[in-house]
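Asks: Structure below; questions to follow.
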Amino acid sequence: MRFRFLMLAAALLITSTAVAADWPGFGGPNRDGICTEKGLLKQWPKDGPPLLWTAKNLGTGWGTPSIAVGTIFGIGTRDGKDGVWALKEADGSELWFTPFANPAKLLQQTNGPASTPTYHDGKVYAVSTNGTLSCLDAAAGKPVWKKSYVTDFGGKVPAWGYTDSVLVDGDKVICTPGGTKGAIAALKAATGDVVWKTEVNPVGNGNGYSSPLKATILGVPMYVAVLGQSSGLVGVHADTGKLLWQYKKTPAAGGVAQIPIPIVHGDHVWVSTSYGGGAALLQIVQAGKDEFEVKEIKAYKKPELNNHHGGMVLVGDHIYFGHNQNGGDPVCVDFKTGEIAWGPEKPPAGGQKSAAVLYADGRLYFRYENGVMVLIDPSPKELKVVSSFKLPPPDIKSYPQSWPHPVIANGKLYIRDQNVMYCYDVRLPGA
């Protein structure tokens with residue numbers, strides 16, 4: 001009887017709403033890479049912050065973890081299946097693992113799924129490499145429903161597999177199948193039934209590798225997403241899925257892959273892609289009822305400025321990110337004008353190649369591909385490096401890229417590295 005009571009209590013706990021200090025999906029609560037917690041370390045010890053625990057045997061994959069209601073969720077491939085795992089936030093011990101899809105046949109350099117599970121109201125939503133969107137019960141991992149991007153929306157598996165992390169907005173799940181029967185779709189969170197779908201043709205060259213975000217621009221609620229080389233950047237009405245505006249020029253189109261989530265603030269949008277891409281500051285202008293135009297304020301070609309896949313964050317009036325394809329050269333851009341404030345600079349502290357970026361409590365966290373972690377004081381005047389340390393050697397030698405974005409939740413820094421994950425204490429003593 002006592003055991004049944006404890007199980008019921010655990011289920012009630014895990015189905016509650018995520019708290020403010022949680023990190024329920026990719027990019028955090030607002031998909032902007034910004035952690036709002038206070039009382040974090042302003043500088044690190046020489047060897048880095050204290051390592052609390054290491055979780056092992058997670059399954060291969062590039063996906064970033066999400067944290068909600070005392071549980072860490074992630075995605076990986078085990079025994080030939082893409083699946084979602086759940087760990088105890090307290091110590092990293094595993095609660096459950098649920099396989100839900102066959103892996104797609106991908107390029108050799110790709111090692112497993114890269115979606116971040118999204119937690120909402122007792123359920124977890126994740127996307128496999130072959131485009132299977134699965135809804136699971138968060139307490140026990142029991143499957144609730146599935147959708148196929150390929151079968152249901154006419155999608156085509158991209159070269160590196162589907163990597164989008166779905167957005168849950170109230171009772172809707174917003175996903176980007178990039179298909180001829182639905183480039184963007186809203187599904188009922190409870191059942192997976194289609195609420196609306198947006199056809200954007202041509203949908204292009206497969207689809208992008210980005211994820212949707214919600215914004216209110218000029219008083220209109222909309223979802224904004226980078227879709228692919230032929231479709232570029234779009235905004236669709238949040239209630240109906242109507243295509244409101246589209247920007248198809250080079251900074252949003254690139255070539256091969258379009259990855260970073262754009263930044264939206266007010267009526268301005270910052271977008272960047274690599275490969276054949278670039279970067280641009282855009283203004284969305286009203287042109288009639290539910291009709292908009294896109295004004296290009298400042299644009300850059302790839303050699304001048306681009307972000308590959310490490311993400312970008314807006315701190316105050318300035319954007320910070322790592323510049324260049326397979327590069328993480330720190331750069332600062334004025335969000336009001338699109339002008340470069342400083343940089344791109346040489347990667348600091350021995351960092352090499354791509355940098356995944358996070359902001360928390362007055363500091364930028366740059367995670368470099370070679371496992372170097374750098375703490376930066378964001379300044380629109382110059383690059384200010386505070387601390388750095390080296391992560392443990394790669395868990396899987398054949399795939400050494402340290403790519404998953406850093407995550408901070410409830411005073412802990414989480415670093416996924418393929419089959420393992422590290423949990424560091426980044427709280428100030430006494431906080």
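Ligands are numbered from 1 in the order shown, residues from 1 within each chain, and chains are lettered A, B, ... in the order they appear in the structure tokens.
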With only C-alpha atoms as the counted atoms, please give the residues lying no more than 12 Å from A:Gly74, apart from itself and same-chain residues fewer than 3 positions off, as number ranges by chain.
Replies: A: 24-26, 55, 58-68, 71, 77, 82-88, 92, 94-99, 112-119, 124-128, 138, 141, 165, 404, 414-421
Asks: So that I can check the surroundings of stretch 171-184 of chain A, please list as number ranges by chain every protein, DNA and RNA residue that reaches within 9 Å of it, counting only C-alpha atoms and ignoring chain neighbours fewer than 4 positions away.
Replies: A: 125, 131, 133, 148-150, 152-156, 162, 164-167, 188-190, 192, 195-204, 206-208, 210-213, 223, 225, 227-228, 236, 241
Asks: What would the file look like if the residues just selected were written as a PDB file, in the first residue's frame with C-alpha atoms?
Replies:
ATOM      1  CA  TYR A 125       7.103  15.614 -27.026  1.00  0.00           C
ATOM      2  CA  GLY A 131      10.479  12.478 -38.468  1.00  0.00           C
ATOM      3  CA  LEU A 133       6.839  13.048 -33.483  1.00  0.00           C
ATOM      4  CA  SER A 148       4.901  11.025 -39.046  1.00  0.00           C
ATOM      5  CA  TYR A 149       6.346  14.080 -40.773  1.00  0.00           C
ATOM      6  CA  VAL A 150       6.834  11.977 -43.905  1.00  0.00           C
ATOM      7  CA  ASP A 152       1.202  12.744 -42.590  1.00  0.00           C
ATOM      8  CA  PHE A 153       2.741  15.922 -44.024  1.00  0.00           C
ATOM      9  CA  GLY A 154       4.651  14.884 -47.145  1.00  0.00           C
ATOM     10  CA  GLY A 155       8.019  15.569 -45.582  1.00  0.00           C
ATOM     11  CA  LYS A 156      11.384  14.322 -46.749  1.00  0.00           C
ATOM     12  CA  TYR A 162      14.912  15.816 -38.548  1.00  0.00           C
ATOM     13  CA  ASP A 164      13.420  20.276 -34.736  1.00  0.00           C
ATOM     14  CA  SER A 165      12.272  20.666 -31.150  1.00  0.00           C
ATOM     15  CA  VAL A 166       8.527  21.228 -31.074  1.00  0.00           C
ATOM     16  CA  LEU A 167       6.901  24.205 -29.379  1.00  0.00           C
ATOM     17  CA  LYS A 188      -3.821  19.063 -30.541  1.00  0.00           C
ATOM     18  CA  ALA A 189      -1.491  18.420 -27.628  1.00  0.00           C
ATOM     19  CA  ALA A 190      -3.804  15.797 -26.163  1.00  0.00           C
ATOM     20  CA  GLY A 192      -2.080  14.764 -32.112  1.00  0.00           C
ATOM     21  CA  VAL A 195      -5.643  21.878 -35.899  1.00  0.00           C
ATOM     22  CA  TRP A 196      -4.196  23.609 -38.967  1.00  0.00           C
ATOM     23  CA  LYS A 197      -1.279  23.260 -41.323  1.00  0.00           C
ATOM     24  CA  THR A 198       0.535  25.805 -43.456  1.00  0.00           C
ATOM     25  CA  GLU A 199       1.632  24.941 -46.964  1.00  0.00           C
ATOM     26  CA  VAL A 200       4.649  26.935 -48.083  1.00  0.00           C
ATOM     27  CA  ASN A 201       5.696  25.942 -51.577  1.00  0.00           C
ATOM     28  CA  PRO A 202       8.254  25.310 -52.686  1.00  0.00           C
ATOM     29  CA  VAL A 203       9.410  23.728 -49.449  1.00  0.00           C
ATOM     30  CA  GLY A 204      12.909  23.425 -49.941  1.00  0.00           C
ATOM     31  CA  GLY A 206      14.411  18.886 -47.663  1.00  0.00           C
ATOM     32  CA  ASN A 207      13.802  21.371 -44.889  1.00  0.00           C
ATOM     33  CA  GLY A 208      15.692  23.434 -42.368  1.00  0.00           C
ATOM     34  CA  SER A 210      15.628  24.973 -36.963  1.00  0.00           C
ATOM     35  CA  SER A 211      12.671  25.085 -34.545  1.00  0.00           C
ATOM     36  CA  PRO A 212       9.624  27.368 -34.307  1.00  0.00           C
ATOM     37  CA  LEU A 213       9.125  30.141 -31.781  1.00  0.00           C
ATOM     38  CA  TYR A 223       4.866  31.550 -35.082  1.00  0.00           C
ATOM     39  CA  ALA A 225      10.359  29.614 -38.268  1.00  0.00           C
ATOM     40  CA  LEU A 227      12.118  26.360 -42.991  1.00  0.00           C
ATOM     41  CA  GLY A 228      14.762  25.645 -45.603  1.00  0.00           C
ATOM     42  CA  VAL A 236       2.301  32.432 -39.723  1.00  0.00           C
ATOM     43  CA  GLY A 241      -1.671  29.099 -39.662  1.00  0.00           C
TER      44      GLY A 241
END
Asks: Atom CA of A:Phe366 and atom CA of A:Leu428, how far apart in Å?
Replies: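 Answer for the atom CA of A:Leu428 to atom CA of A:Phe366 separation: 19.5 Å.
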Asks: If we count only C-alpha atoms and set the cut-off at 12 Å, which residues sit around A:Pro251, ignoring sequence neighbours fewer than 6 positions away in its own chain? Please answer as an MDAnalysis selection string.
Replies: chainID A and resid 226 228:229 231:233 257:260 262 269:282 296 298:308
Asks: For the alpha helix (DSSP H) assignment from backbone DSSP, which residues of stretch 182-420 of chain A qualify? Please present them as a PDB file with N, CA, C and O atoms, in the first residue's frame.
Replies:
ATOM      1  N   THR A 250      19.225  35.470 -49.076  1.00  0.00           N
ATOM      2  CA  THR A 250      20.373  34.661 -48.678  1.00  0.00           C
ATOM      3  C   THR A 250      20.553  34.472 -47.171  1.00  0.00           C
ATOM      4  O   THR A 250      20.813  33.353 -46.725  1.00  0.00           O
ATOM      5  N   PRO A 251      20.437  35.512 -46.327  1.00  0.00           N
ATOM      6  CA  PRO A 251      20.689  35.306 -44.894  1.00  0.00           C
ATOM      7  C   PRO A 251      19.803  34.253 -44.245  1.00  0.00           C
ATOM      8  O   PRO A 251      20.204  33.621 -43.266  1.00  0.00           O
ATOM      9  N   ALA A 252      18.591  34.057 -44.777  1.00  0.00           N
ATOM     10  CA  ALA A 252      17.677  33.058 -44.216  1.00  0.00           C
ATOM     11  C   ALA A 252      17.655  31.766 -45.012  1.00  0.00           C
ATOM     12  O   ALA A 252      17.114  30.758 -44.549  1.00  0.00           O
ATOM     13  N   ALA A 253      18.216  31.784 -46.198  1.00  0.00           N
ATOM     14  CA  ALA A 253      18.155  30.616 -47.079  1.00  0.00           C
ATOM     15  C   ALA A 253      19.418  29.776 -47.016  1.00  0.00           C
ATOM     16  O   ALA A 253      19.370  28.547 -46.944  1.00  0.00           O
TER      17      ALA A 253
END
Asks: Looking at only C-alpha atoms, which of A:Lys249, A:Lys214, A:Lys242, A:Lys42 is the one that sits closest to A:Ser387?
Replies: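 The answer is A:Lys42, which sits nearest to A:Ser387.
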Asks: Tell me, as number ranges by chain, which residues lie within 6 Å of A:Arg367, counting only C-alpha atoms; anything in the same chain fewer than 4 positions away does not count.
Replies: A: 355-356, 373
Asks: Pick out the residues sitting within 10 Å of A:Glu369, and hand them over as a PyMOL selection string; count only C-alpha atoms, and ignore anything fewer than 3 positions along from it in its own chain.
Replies: chain A and resi 310+326-328+351-356+366+372-373+400-404
Asks: Find the residues near A:Val285: any atom within 12 Å, counting only C-alpha atoms, skip ones fewer than 3 places away on the same chain, and give them as a list in words.
Replies: Ile217, Leu218, Gly219, Val220, Leu244, Trp245, Gln246, Gly266, Asp267, His268, Val269, Leu282, Gly288, Lys289, Asp290, Glu291, Phe292, Glu293, Val294, Lys295, Glu296 and Ile297 of chain A
Asks: Which residue, A:Gly122, A:Lys384, A:Asn130, A:Ile340, has the smallest gap to A:Asn102 when you use only C-alpha atoms?
Replies: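 Once distances to A:Asn102 are computed over only C-alpha atoms, the minimum belongs to A:Asn130.
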Asks: Just want the 8 Å neighbourhood of stretch 331-338 of chain A, counted on only C-alpha atoms, with same-chain residues fewer than 3 positions away dropped. Output as a JSON list (two decimals) with all heavy atoms, in the first residue's frame.
Replies:
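Output file result18.json follows:
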[["chain", "number", "residue", "atom", "x", "y", "z"],
["A", 270, "TRP", "N", 16.07, 39.15, -36.13],
["A", 270, "TRP", "CA", 17.46, 38.88, -36.53],
["A", 270, "TRP", "C", 17.54, 37.41, -36.96],
["A", 270, "TRP", "O", 17.11, 36.51, -36.23],
["A", 270, "TRP", "CB", 18.42, 39.14, -35.38],
["A", 270, "TRP", "CG", 19.84, 38.73, -35.67],
["A", 270, "TRP", "CD1", 20.45, 37.57, -35.33],
["A", 270, "TRP", "CD2", 20.82, 39.51, -36.39],
["A", 270, "TRP", "NE1", 21.75, 37.55, -35.78],
["A", 270, "TRP", "CE2", 22.01, 38.73, -36.43],
["A", 270, "TRP", "CE3", 20.81, 40.76, -37.00],
["A", 270, "TRP", "CZ2", 23.16, 39.18, -37.05],
["A", 270, "TRP", "CZ3", 21.97, 41.20, -37.62],
["A", 270, "TRP", "CH2", 23.13, 40.42, -37.65],
["A", 280, "ALA", "N", 20.98, 38.91, -41.14],
["A", 280, "ALA", "CA", 20.22, 40.11, -41.48],
["A", 280, "ALA", "C", 19.35, 40.57, -40.32],
["A", 280, "ALA", "O", 18.82, 39.74, -39.56],
["A", 280, "ALA", "CB", 19.33, 39.86, -42.70],
["A", 281, "LEU", "N", 19.22, 41.88, -40.19],
["A", 281, "LEU", "CA", 18.26, 42.48, -39.29],
["A", 281, "LEU", "C", 17.07, 42.93, -40.13],
["A", 281, "LEU", "O", 17.24, 43.68, -41.10],
["A", 281, "LEU", "CB", 18.86, 43.68, -38.54],
["A", 281, "LEU", "CG", 17.90, 44.41, -37.59],
["A", 281, "LEU", "CD1", 17.47, 43.48, -36.44],
["A", 281, "LEU", "CD2", 18.55, 45.67, -37.03],
["A", 297, "ILE", "N", 16.85, 45.84, -42.94],
["A", 297, "ILE", "CA", 17.57, 46.99, -42.39],
["A", 297, "ILE", "C", 19.07, 46.87, -42.61],
["A", 297, "ILE", "O", 19.74, 47.83, -43.02],
["A", 297, "ILE", "CB", 17.27, 47.14, -40.89],
["A", 297, "ILE", "CG1", 15.78, 47.43, -40.68],
["A", 297, "ILE", "CG2", 18.12, 48.23, -40.26],
["A", 297, "ILE", "CD1", 15.36, 47.45, -39.24],
["A", 298, "LYS", "N", 19.60, 45.68, -42.36],
["A", 298, "LYS", "CA", 21.04, 45.45, -42.54],
["A", 298, "LYS", "C", 21.25, 43.98, -42.87],
["A", 298, "LYS", "O", 20.65, 43.10, -42.24],
["A", 298, "LYS", "CB", 21.80, 45.79, -41.25],
["A", 298, "LYS", "CG", 23.30, 45.58, -41.32],
["A", 298, "LYS", "CD", 23.99, 46.60, -42.22],
["A", 298, "LYS", "CE", 25.49, 46.41, -42.21],
["A", 298, "LYS", "NZ", 26.20, 47.38, -43.08],
["A", 299, "ALA", "N", 22.06, 43.70, -43.89],
["A", 299, "ALA", "CA", 22.30, 42.32, -44.29],
["A", 299, "ALA", "C", 23.79, 42.08, -44.50],
["A", 299, "ALA", "O", 24.54, 42.99, -44.91],
["A", 299, "ALA", "CB", 21.53, 42.00, -45.56],
["A", 314, "LEU", "N", 20.14, 37.44, -27.26],
["A", 314, "LEU", "CA", 19.98, 38.89, -27.17],
["A", 314, "LEU", "C", 20.05, 39.28, -25.70],
["A", 314, "LEU", "O", 19.22, 38.87, -24.89],
["A", 314, "LEU", "CB", 18.63, 39.30, -27.76],
["A", 314, "LEU", "CG", 18.25, 40.79, -27.64],
["A", 314, "LEU", "CD1", 19.23, 41.66, -28.42],
["A", 314, "LEU", "CD2", 16.83, 41.01, -28.13],
["A", 317, "ASP", "N", 20.45, 45.33, -25.63],
["A", 317, "ASP", "CA", 20.26, 45.73, -27.03],
["A", 317, "ASP", "C", 21.28, 45.10, -27.96],
["A", 317, "ASP", "O", 21.45, 45.56, -29.10],
["A", 317, "ASP", "CB", 20.36, 47.27, -27.15],
["A", 317, "ASP", "CG", 19.20, 47.98, -26.47],
["A", 317, "ASP", "OD1", 18.09, 47.41, -26.45],
["A", 317, "ASP", "OD2", 19.41, 49.08, -25.93],
["A", 318, "HIS", "N", 21.96, 44.05, -27.50],
["A", 318, "HIS", "CA", 23.02, 43.46, -28.32],
["A", 318, "HIS", "C", 22.90, 41.95, -28.41],
["A", 318, "HIS", "O", 22.48, 41.28, -27.47],
["A", 318, "HIS", "CB", 24.39, 43.86, -27.75],
["A", 318, "HIS", "CG", 24.70, 45.31, -27.94],
["A", 318, "HIS", "ND1", 24.23, 46.28, -27.07],
["A", 318, "HIS", "CD2", 25.41, 45.96, -28.90],
["A", 318, "HIS", "CE1", 24.65, 47.47, -27.48],
["A", 318, "HIS", "NE2", 25.35, 47.30, -28.59],
["A", 319, "ILE", "N", 23.28, 41.43, -29.58],
["A", 319, "ILE", "CA", 23.25, 40.00, -29.86],
["A", 319, "ILE", "C", 24.67, 39.45, -29.76],
["A", 319, "ILE", "O", 25.62, 40.06, -30.28],
["A", 319, "ILE", "CB", 22.72, 39.73, -31.28],
["A", 319, "ILE", "CG1", 21.39, 40.45, -31.51],
["A", 319, "ILE", "CG2", 22.55, 38.23, -31.51],
["A", 319, "ILE", "CD1", 21.03, 40.58, -32.97],
["A", 320, "TYR", "N", 24.81, 38.30, -29.11],
["A", 320, "TYR", "CA", 26.11, 37.66, -28.97],
["A", 320, "TYR", "C", 26.03, 36.24, -29.55],
["A", 320, "TYR", "O", 25.07, 35.52, -29.31],
["A", 320, "TYR", "CB", 26.52, 37.59, -27.49],
["A", 320, "TYR", "CG", 26.65, 38.94, -26.83],
["A", 320, "TYR", "CD1", 25.55, 39.56, -26.26],
["A", 320, "TYR", "CD2", 27.88, 39.60, -26.78],
["A", 320, "TYR", "CE1", 25.66, 40.80, -25.65],
["A", 320, "TYR", "CE2", 28.01, 40.84, -26.18],
["A", 320, "TYR", "CZ", 26.89, 41.44, -25.61],
["A", 320, "TYR", "OH", 27.01, 42.69, -25.02],
["A", 321, "PHE", "N", 27.07, 35.85, -30.28],
["A", 321, "PHE", "CA", 27.11, 34.49, -30.84],
["A", 321, "PHE", "C", 28.50, 34.19, -31.38],
["A", 321, "PHE", "O", 29.39, 35.05, -31.36],
["A", 321, "PHE", "CB", 26.05, 34.30, -31.93],
["A", 321, "PHE", "CG", 26.16, 35.24, -33.12],
["A", 321, "PHE", "CD1", 26.84, 34.87, -34.26],
["A", 321, "PHE", "CD2", 25.52, 36.47, -33.10],
["A", 321, "PHE", "CE1", 26.91, 35.71, -35.36],
["A", 321, "PHE", "CE2", 25.57, 37.32, -34.19],
["A", 321, "PHE", "CZ", 26.27, 36.95, -35.32],
["A", 322, "GLY", "N", 28.67, 32.96, -31.85],
["A", 322, "GLY", "CA", 29.91, 32.55, -32.48],
["A", 322, "GLY", "C", 29.76, 32.65, -33.99],
["A", 322, "GLY", "O", 28.84, 32.08, -34.58],
["A", 323, "HIS", "N", 30.66, 33.37, -34.63],
["A", 323, "HIS", "CA", 30.61, 33.61, -36.07],
["A", 323, "HIS", "C", 31.33, 32.52, -36.84],
["A", 323, "HIS", "O", 32.34, 32.00, -36.41],
["A", 323, "HIS", "CB", 31.25, 34.97, -36.38],
["A", 323, "HIS", "CG", 31.75, 35.12, -37.79],
["A", 323, "HIS", "ND1", 30.90, 35.31, -38.86],
["A", 323, "HIS", "CD2", 33.01, 35.10, -38.30],
["A", 323, "HIS", "CE1", 31.63, 35.42, -39.97],
["A", 323, "HIS", "NE2", 32.90, 35.28, -39.65],
["A", 341, "ALA", "N", 29.16, 45.60, -33.29],
["A", 341, "ALA", "CA", 29.72, 46.41, -32.20],
["A", 341, "ALA", "C", 31.19, 46.08, -31.97],
["A", 341, "ALA", "O", 32.01, 46.97, -31.78],
["A", 341, "ALA", "CB", 28.92, 46.21, -30.92],
["A", 342, "TRP", "N", 31.51, 44.78, -31.97],
["A", 342, "TRP", "CA", 32.91, 44.35, -31.93],
["A", 342, "TRP", "C", 33.01, 42.93, -32.49],
["A", 342, "TRP", "O", 32.03, 42.21, -32.57],
["A", 342, "TRP", "CB", 33.53, 44.42, -30.54],
["A", 342, "TRP", "CG", 32.82, 43.69, -29.43],
["A", 342, "TRP", "CD1", 32.05, 44.24, -28.44],
["A", 342, "TRP", "CD2", 32.85, 42.27, -29.15],
["A", 342, "TRP", "NE1", 31.57, 43.27, -27.60],
["A", 342, "TRP", "CE2", 32.06, 42.06, -28.00],
["A", 342, "TRP", "CE3", 33.44, 41.17, -29.76],
["A", 342, "TRP", "CZ2", 31.85, 40.79, -27.46],
["A", 342, "TRP", "CZ3", 33.24, 39.90, -29.23],
["A", 342, "TRP", "CH2", 32.45, 39.73, -28.08],
["A", 343, "GLY", "N", 34.22, 42.55, -32.87],
["A", 343, "GLY", "CA", 34.46, 41.23, -33.39],
["A", 343, "GLY", "C", 34.22, 41.16, -34.90],
["A", 343, "GLY", "O", 34.02, 42.20, -35.54],
["A", 344, "PRO", "N", 34.20, 39.94, -35.42],
["A", 344, "PRO", "CA", 34.47, 38.68, -34.74],
["A", 344, "PRO", "C", 35.90, 38.58, -34.22],
["A", 344, "PRO", "O", 36.84, 39.01, -34.89],
["A", 344, "PRO", "CB", 34.21, 37.62, -35.81],
["A", 344, "PRO", "CG", 33.37, 38.30, -36.84],
["A", 344, "PRO", "CD", 33.83, 39.72, -36.84],
["A", 345, "GLU", "N", 36.03, 38.02, -33.00],
["A", 345, "GLU", "CA", 37.31, 37.84, -32.35],
["A", 345, "GLU", "C", 37.77, 36.39, -32.45],
["A", 345, "GLU", "O", 36.96, 35.48, -32.69],
["A", 345, "GLU", "CB", 37.22, 38.23, -30.87],
["A", 345, "GLU", "CG", 36.74, 39.64, -30.61],
["A", 345, "GLU", "CD", 37.82, 40.68, -30.88],
["A", 345, "GLU", "OE1", 38.98, 40.29, -31.08],
["A", 345, "GLU", "OE2", 37.48, 41.89, -30.89],
["A", 380, "PRO", "N", 29.00, 45.44, -24.78],
["A", 380, "PRO", "CA", 28.94, 45.92, -26.16],
["A", 380, "PRO", "C", 30.20, 46.63, -26.62],
["A", 380, "PRO", "O", 30.30, 47.04, -27.77],
["A", 380, "PRO", "CB", 27.75, 46.88, -26.13],
["A", 380, "PRO", "CG", 27.69, 47.35, -24.72],
["A", 380, "PRO", "CD", 28.14, 46.21, -23.88]]
Asks: What is the distance between atom CA of A:Val426 and atom CA of A:Pro50, in Å to one decimal?
Replies: 7.5 Å
